[in-house]
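Q: I am sharing run_2.txt, which consists of compact mmCIF, C-alpha atoms and all ligand atoms:
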# COMPACT_ATOMS: atom_id res chain seq x y z
CA MET A 228 6.58 -1.12 17.36
CA ALA A 229 5.79 -3.46 14.44
CA ARG A 230 7.64 -2.51 11.30
CA PRO A 231 5.33 -0.22 9.28
CA LEU A 232 4.78 -1.23 5.68
CA ILE A 233 5.68 1.00 2.76
CA GLN A 234 3.18 1.22 -0.07
CA MET A 235 4.37 2.49 -3.44
CA ALA A 236 1.61 4.35 -5.27
CA LEU A 237 1.95 3.58 -8.96
CA ASP A 238 0.16 6.54 -10.48
CA SER A 239 1.41 6.57 -14.10
CA LEU A 240 -1.04 5.83 -16.90
CA ASP A 241 1.57 3.95 -18.91
CA PHE A 242 1.55 0.15 -18.48
CA ASP A 243 5.24 -0.42 -19.24
CA GLN A 244 6.44 2.54 -17.18
CA THR A 245 4.37 1.27 -14.25
CA VAL A 246 5.94 -2.19 -14.43
CA ALA A 247 9.43 -0.68 -14.84
CA LEU A 248 8.97 1.56 -11.80
CA ALA A 249 7.73 -1.39 -9.75
CA ASP A 250 10.88 -3.30 -10.74
CA GLN A 251 13.12 -0.43 -9.62
CA VAL A 252 11.61 0.08 -6.18
CA ALA A 253 10.67 -3.52 -5.35
CA PRO A 254 13.56 -4.14 -2.91
CA TYR A 255 12.41 -1.28 -0.68
CA VAL A 256 8.63 -1.50 -0.55
CA ASP A 257 6.06 -3.96 0.80
CA ILE A 258 2.91 -3.09 -1.11
CA PHE A 259 2.38 -2.08 -4.71
CA GLU A 260 -0.62 0.17 -5.11
CA ILE A 261 -2.13 0.35 -8.56
CA GLY A 262 -3.41 3.94 -8.29
CA THR A 263 -6.90 4.92 -9.35
CA PRO A 264 -6.00 6.67 -12.63
CA CYS A 265 -3.65 3.77 -13.44
CA ILE A 266 -6.22 1.00 -12.85
CA LYS A 267 -8.89 2.90 -14.78
CA TYR A 268 -6.57 3.31 -17.74
CA ASN A 269 -4.95 -0.12 -17.76
CA GLY A 270 -7.56 -2.37 -16.21
CA ILE A 271 -7.33 -5.85 -14.81
CA ASN A 272 -4.45 -7.01 -17.01
CA LEU A 273 -2.09 -4.84 -15.00
CA VAL A 274 -3.24 -6.58 -11.82
CA LYS A 275 -2.47 -9.94 -13.42
CA GLU A 276 0.93 -8.74 -14.65
CA LEU A 277 2.06 -7.38 -11.28
CA ARG A 278 0.68 -10.44 -9.45
CA GLN A 279 2.70 -12.71 -11.69
CA ARG A 280 5.90 -10.64 -11.55
CA PHE A 281 5.81 -9.98 -7.80
CA PRO A 282 4.30 -13.01 -6.07
CA ASP A 283 5.82 -11.97 -2.73
CA LYS A 284 4.52 -8.39 -2.66
CA LEU A 285 1.16 -7.28 -1.40
CA LEU A 286 -0.94 -5.83 -4.19
CA LEU A 287 -3.47 -3.07 -3.49
CA VAL A 288 -5.88 -2.03 -6.21
CA ASP A 289 -7.07 1.50 -5.53
CA LEU A 290 -10.54 1.04 -6.98
CA LYS A 291 -12.14 3.72 -4.76
CA THR A 292 -15.37 1.82 -5.33
CA MET A 293 -18.53 3.94 -5.04
CA ASP A 294 -21.27 1.43 -5.90
CA ALA A 295 -21.78 -2.23 -6.75
CA GLY A 296 -19.14 -3.14 -4.18
CA GLU A 297 -19.18 -6.92 -4.34
CA TYR A 298 -19.57 -7.03 -8.12
CA GLU A 299 -16.84 -4.50 -8.91
CA ALA A 300 -14.23 -5.63 -6.39
CA GLY A 301 -14.78 -9.36 -6.85
CA ALA A 302 -13.11 -9.45 -10.24
CA PHE A 303 -10.00 -7.70 -8.93
CA TYR A 304 -9.66 -9.99 -5.93
CA ALA A 305 -10.04 -12.92 -8.31
CA ALA A 306 -7.20 -11.50 -10.43
CA GLY A 307 -4.85 -11.40 -7.45
CA ALA A 308 -5.48 -8.25 -5.43
CA ASP A 309 -4.67 -8.63 -1.75
CA ILE A 310 -6.43 -5.37 -0.88
CA CYS A 311 -9.04 -3.28 -2.70
CA THR A 312 -10.17 0.16 -1.62
CA VAL A 313 -13.76 1.30 -1.24
CA LEU A 314 -14.80 4.88 -0.60
CA GLY A 315 -16.13 5.65 2.85
CA VAL A 316 -18.57 8.08 1.22
CA SER A 317 -20.09 5.19 -0.74
CA GLY A 318 -22.05 4.09 2.32
CA LEU A 319 -22.19 0.98 4.45
CA ALA A 320 -24.02 -1.22 1.92
CA THR A 321 -21.28 -0.80 -0.68
CA ILE A 322 -18.55 -1.21 1.95
CA ALA A 323 -20.21 -4.44 3.11
CA GLY A 324 -20.26 -5.68 -0.50
CA VAL A 325 -16.51 -5.18 -0.97
CA ILE A 326 -15.83 -6.86 2.38
CA LYS A 327 -17.96 -9.82 1.27
CA ALA A 328 -15.95 -10.13 -1.95
CA ALA A 329 -12.66 -9.87 -0.06
CA LYS A 330 -13.66 -12.63 2.35
CA LYS A 331 -14.45 -14.94 -0.55
CA TYR A 332 -10.81 -14.66 -1.69
CA GLY A 333 -9.16 -14.49 1.75
CA ALA A 334 -8.23 -10.88 1.01
CA GLU A 335 -8.66 -7.51 2.73
CA THR A 336 -10.63 -4.30 2.38
CA GLN A 337 -9.37 -0.77 2.90
CA ILE A 338 -11.80 2.06 3.56
CA ASP A 339 -10.68 5.29 1.89
CA LEU A 340 -11.84 8.09 4.19
CA ILE A 341 -11.22 10.75 1.54
CA ASN A 342 -13.87 13.49 1.77
CA VAL A 343 -15.84 11.64 4.47
CA GLU A 344 -17.47 14.23 6.74
CA ASP A 345 -17.60 12.14 9.94
CA LYS A 346 -14.50 9.98 9.63
CA SER A 347 -14.69 8.53 13.13
CA TYR A 348 -18.25 7.27 12.59
CA CYS A 349 -17.40 5.81 9.19
CA ALA A 350 -14.28 4.11 10.56
CA ARG A 351 -16.09 2.61 13.54
CA GLU A 352 -18.98 1.27 11.44
CA SER A 353 -16.61 -0.11 8.79
CA VAL A 354 -14.65 -2.00 11.43
CA LYS A 355 -17.89 -3.50 12.71
CA LEU A 356 -18.54 -4.74 9.16
CA GLY A 357 -15.11 -6.37 9.03
CA ALA A 358 -12.81 -3.87 7.28
CA GLN A 359 -9.17 -4.43 8.13
CA ILE A 360 -7.54 -1.16 7.02
CA MET A 361 -8.57 2.50 7.45
CA GLY A 362 -7.14 4.76 4.78
CA ILE A 363 -6.40 8.33 5.82
CA HIS A 364 -6.09 10.09 2.52
CA THR A 365 -5.59 13.63 1.34
CA GLY A 366 -5.99 13.31 -2.42
CA LEU A 367 -3.89 14.99 -5.05
CA ASP A 368 -6.41 17.79 -5.63
CA ALA A 369 -6.77 18.52 -1.92
CA GLN A 370 -2.98 18.51 -1.60
CA ALA A 371 -2.80 21.10 -4.36
CA ALA A 372 -5.21 23.21 -2.30
CA GLY A 373 -2.82 23.00 0.66
CA HIS A 374 -4.38 20.19 2.73
CA THR A 375 -2.48 17.47 4.60
CA PRO A 376 -3.50 14.14 6.18
CA PHE A 377 -1.95 14.70 9.60
CA GLY A 378 -5.01 15.91 11.54
CA ASP A 379 -7.16 13.06 10.21
CA LEU A 380 -4.44 10.55 11.06
CA ASN A 381 -4.37 11.72 14.68
CA GLU A 382 -8.17 11.54 14.89
CA ILE A 383 -8.44 7.97 13.59
CA ALA A 384 -5.35 6.67 15.40
CA GLY A 385 -6.83 8.08 18.61
CA LEU A 386 -9.92 5.86 18.29
CA GLY A 387 -7.92 2.71 19.05
CA LEU A 388 -9.95 0.62 16.60
CA GLY A 389 -7.51 -2.27 16.50
CA VAL A 390 -7.16 -2.22 12.72
CA ARG A 391 -4.28 -1.06 10.55
CA ILE A 392 -4.11 2.58 9.54
CA SER A 393 -2.78 3.65 6.17
CA VAL A 394 -1.80 7.25 5.47
CA ALA A 395 -1.53 8.85 2.04
CA GLY A 396 -1.23 12.36 0.78
CA GLY A 397 2.11 13.87 -0.10
CA ILE A 398 4.16 11.82 2.36
CA LYS A 399 7.85 12.59 1.88
CA PRO A 400 11.11 12.02 3.77
CA ALA A 401 10.52 15.05 5.99
CA THR A 402 7.13 13.74 7.21
CA VAL A 403 7.85 10.01 7.59
CA GLN A 404 8.78 10.20 11.27
CA GLN A 405 5.67 12.24 12.09
CA VAL A 406 3.26 9.73 10.54
CA VAL A 407 4.99 6.69 12.03
CA GLU A 408 4.92 8.26 15.49
CA ALA A 409 1.24 9.17 15.00
CA GLY A 410 0.45 5.48 14.55
CA ALA A 411 0.38 4.81 10.82
CA ASN A 412 0.98 1.14 9.99
CA ILE A 413 1.11 1.62 6.21
CA ILE A 414 2.97 4.59 4.74
CA VAL A 415 1.86 5.38 1.20
CA VAL A 416 4.32 7.22 -1.01
CA GLY A 417 3.78 8.25 -4.60
CA ALA A 418 5.23 11.48 -5.96
CA ALA A 419 8.12 11.58 -3.49
CA ILE A 420 9.41 8.38 -5.11
CA TYR A 421 8.23 8.43 -8.73
CA GLY A 422 9.04 12.15 -9.05
CA ALA A 423 12.58 11.77 -7.71
CA PRO A 424 15.60 11.78 -10.05
CA CYS A 425 16.29 8.16 -8.99
CA PRO A 426 13.14 6.40 -7.69
CA ALA A 427 15.14 3.47 -6.28
CA THR A 428 17.33 5.79 -4.22
CA ALA A 429 14.28 7.70 -3.00
CA ALA A 430 12.52 4.47 -2.03
CA SER A 431 15.61 3.26 -0.22
CA GLU A 432 15.76 6.52 1.75
CA ILE A 433 12.08 6.22 2.72
CA ARG A 434 12.73 2.61 3.85
CA GLU A 435 15.57 3.72 6.10
CA LEU A 436 13.52 6.55 7.56
CA VAL A 437 10.47 4.37 8.23
CA ASP A 438 12.55 1.66 9.89
CA ALA A 439 14.47 4.21 11.97
CA ALA A 440 11.26 5.93 13.10
CA ALA A 441 9.78 2.60 14.16
CA ALA A 442 12.91 1.33 15.94
O1 LIG B 1 -4.37 7.74 -4.13
C1 LIG B 1 -3.74 8.61 -4.67
C2 LIG B 1 -4.41 9.66 -5.47
O2 LIG B 1 -5.68 9.92 -4.95
C3 LIG B 1 -4.62 9.22 -6.91
O3 LIG B 1 -5.29 8.02 -6.98
C4 LIG B 1 -2.26 8.63 -4.57
O4 LIG B 1 -1.78 7.42 -5.01
C5 LIG B 1 -1.84 8.89 -3.13
O5 LIG B 1 -2.26 10.21 -2.79
C6 LIG B 1 -0.35 8.76 -2.90
O6 LIG B 1 0.39 9.60 -3.73
P1 LIG B 1 1.19 10.89 -3.20
O7 LIG B 1 0.20 11.78 -2.52
O8 LIG B 1 1.79 11.47 -4.44
O9 LIG B 1 2.24 10.40 -2.24
Starting from the file, lay out its structure as structure tokens.
Ligand SMILES: O=C([C@H](O)CO)[C@H](O)[C@H](O)COP(=O)(O)O
A:
Amino acid sequence: MARPLIQMALDSLDFDQTVALADQVAPYVDIFEIGTPCIKYNGINLVKELRQRFPDKLLLVDLKTMDAGEYEAGAFYAAGADICTVLGVSGLATIAGVIKAAKKYGAETQIDLINVEDKSYCARESVKLGAQIMGIHTGLDAQAAGHTPFGDLNEIAGLGLGVRISVAGGIKPATVQQVVEAGANIIVVGAAIYGAPCPATAASEIRELVDAAAA
């Protein structure tokens, strides 16, 4: 099995704390995600800062675009994003716009399937348009209501779409093996790292667990 990537969700609103956390966990993760609240609060300068500080990391900007796909995402790809997210619920025209912007910069598009009613249909159509990553995502509010991403992950992995699958939504050490075995290629971790007493230690533990599960 190819080594799954670990994506660190940077969900703080504070610019300096975000950069400091990225510094701490950098040795253990593959992708820095600038989370939606974080990018809304800090804007494109944070993309430029992380791009400059971490030229070897993949940078995902969690725009969760809902409209004006090409126009909105284009600026973030231009600033150095390797991946931008677009909401599956936005519809195929907006998804196609983000994909068009990504292609212009040799970058990638992730479809966030959060709250999409027919996830299989959305995933299939998005792949036809050229999306490279399907994002299985149970958001923070849905997590608080007791939901998990595991059922959706099994559904989308079972389609055999030939694209990478990202999973997010309360992933922690105890659930790493389950999501790797279910077919996730990108493991997104936020609170289980940034909420730990030592984020670097927590990230290191997740790295070991991911690599062991994939071995
Ligand atoms: O995308 C996220 C959330 O919707 C806020 O934008 C989180 O970054 C994602 O859920 C990962 O964080 P955890 O669930 O805390 O692991």
Q: Considering only C-alpha atoms and all ligand atoms, give me a table of residues in chain A that are at most 6 Å from ligand LIG 1 (chain B), with the closest atom pair and distance in Å for each, as CSV.
A:
residue,atom,partner,partner_atom,distance
A:Ala236,CA,B:LIG1,O4,4.6
A:Asp238,CA,B:LIG1,O4,5.9
A:Gly262,CA,B:LIG1,O3,4.7
A:Thr263,CA,B:LIG1,O3,4.2
A:Pro264,CA,B:LIG1,O3,5.9
A:Gly366,CA,B:LIG1,O2,4.2
A:Leu367,CA,B:LIG1,C2,5.4
A:Ala395,CA,B:LIG1,O5,5.1
A:Gly396,CA,B:LIG1,O7,3.6
A:Gly397,CA,B:LIG1,O7,3.7
A:Ile398,CA,B:LIG1,O9,5.2
A:Val415,CA,B:LIG1,C6,5.8
A:Val416,CA,B:LIG1,O9,4.0
A:Gly417,CA,B:LIG1,O9,3.5
A:Ala418,CA,B:LIG1,O8,3.8
Q: Could the residues in this selection be written to a file with C-alpha atoms, as a CSV table (one decimal), in the frame of the given file?
A:
chain,number,residue,atom,x,y,z
A,236,ALA,CA,1.6,4.4,-5.3
A,238,ASP,CA,0.2,6.5,-10.5
A,262,GLY,CA,-3.4,3.9,-8.3
A,263,THR,CA,-6.9,4.9,-9.4
A,264,PRO,CA,-6.0,6.7,-12.6
A,366,GLY,CA,-6.0,13.3,-2.4
A,367,LEU,CA,-3.9,15.0,-5.0
A,395,ALA,CA,-1.5,8.8,2.0
A,396,GLY,CA,-1.2,12.4,0.8
A,397,GLY,CA,2.1,13.9,-0.1
A,398,ILE,CA,4.2,11.8,2.4
A,415,VAL,CA,1.9,5.4,1.2
A,416,VAL,CA,4.3,7.2,-1.0
A,417,GLY,CA,3.8,8.2,-4.6
A,418,ALA,CA,5.2,11.5,-6.0
Q: Using only C-alpha atoms, which of A:Ala440, A:Ala334, A:Leu232, A:Val246 sits nearest Gly301 in chain A?
A: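 Among the listed residues, A:Ala334 lies closest to Gly301 in chain A.
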Q: May I ask which of the residues A:Gln337, A:Thr321, A:Gln251, A:Asn412 is the closest one to Val288 in chain A, counting all atoms listed in the file?
A: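 Residue with the minimum atom-to-atom distance to Val288 in chain A: A:Gln337.
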Q: Pick out the residues sitting within 8 Å of Val407 in chain A, and hand them over as a ChimeraX atom specification; count all atoms listed in the file, and ignore anything fewer than 2 positions along from it in its own chain.
A: /A:231,403-405,409-412,414,437,440-441
Q: Here is a test: counting all atoms listed in the file, which residue of A:Asp379, A:Asp309, A:Asp345, A:Asp243 is nearest to Ser393 in chain A?
A: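 Answer, going by the shortest atom-to-atom distance: A:Asp379.
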Q: Compile the contact shell of Leu237 in chain A as a PyMOL selection string: residues with an atom at most 12 Å away, counting all atoms listed in the file, same-chain residues fewer than 4 positions apart removed.
A: chain A and resi 241-253+256+258-266+269+273-274+277+286-289+415-422+426
Q: Write out as a PyMOL selection string each polymer residue whose atoms come within 10 Å of Ala328 in chain A, counting all atoms listed in the file; drop sequence neighbours fewer than 5 positions from it.
A: chain A and resi 296-305+311+323+333-336
Q: Using all atoms listed in the file, which of A:Met361, A:Val354, A:Gly378, A:Arg230 sits nearest Arg391 in chain A?
A: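 Result for the nearest residue to Arg391 in chain A: A:Met361.
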Q: Mind giving me the straight-line distance from CA of Lys355 in chain A to CA of Met228 in chain A in Å, one decimal?
A: 25.0 Å
Q: Provide the CA of Ala308 in chain A to CA of Ile363 in chain A distance in Å, to one decimal place.
A: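 Value for the CA of Ala308 in chain A-CA of Ile363 in chain A distance: 20.1 Å.
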Q: Quick check, in Å to one decimal: how far apart do CA of Thr312 in chain A and CA of Lys291 in chain A lie?
A: 5.1 Å
Q: May I ask which of the residues A:Met293, A:Ala320, A:Ile326, A:Val313 is the closest one to Ala358 in chain A, counting all atoms listed in the file?
A: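 Looking only at the distances to Ala358 in chain A, the closest residue turns out to be A:Ile326.
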Q: Let me make sure I understand: among A:Ala384, A:Ala423, A:Ile392, A:Ala401, which one has the smallest atom-to-atom distance to Gly362 in chain A if we use all atoms listed in the file?
A: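 Distance minimum relative to Gly362 in chain A lands on A:Ile392.
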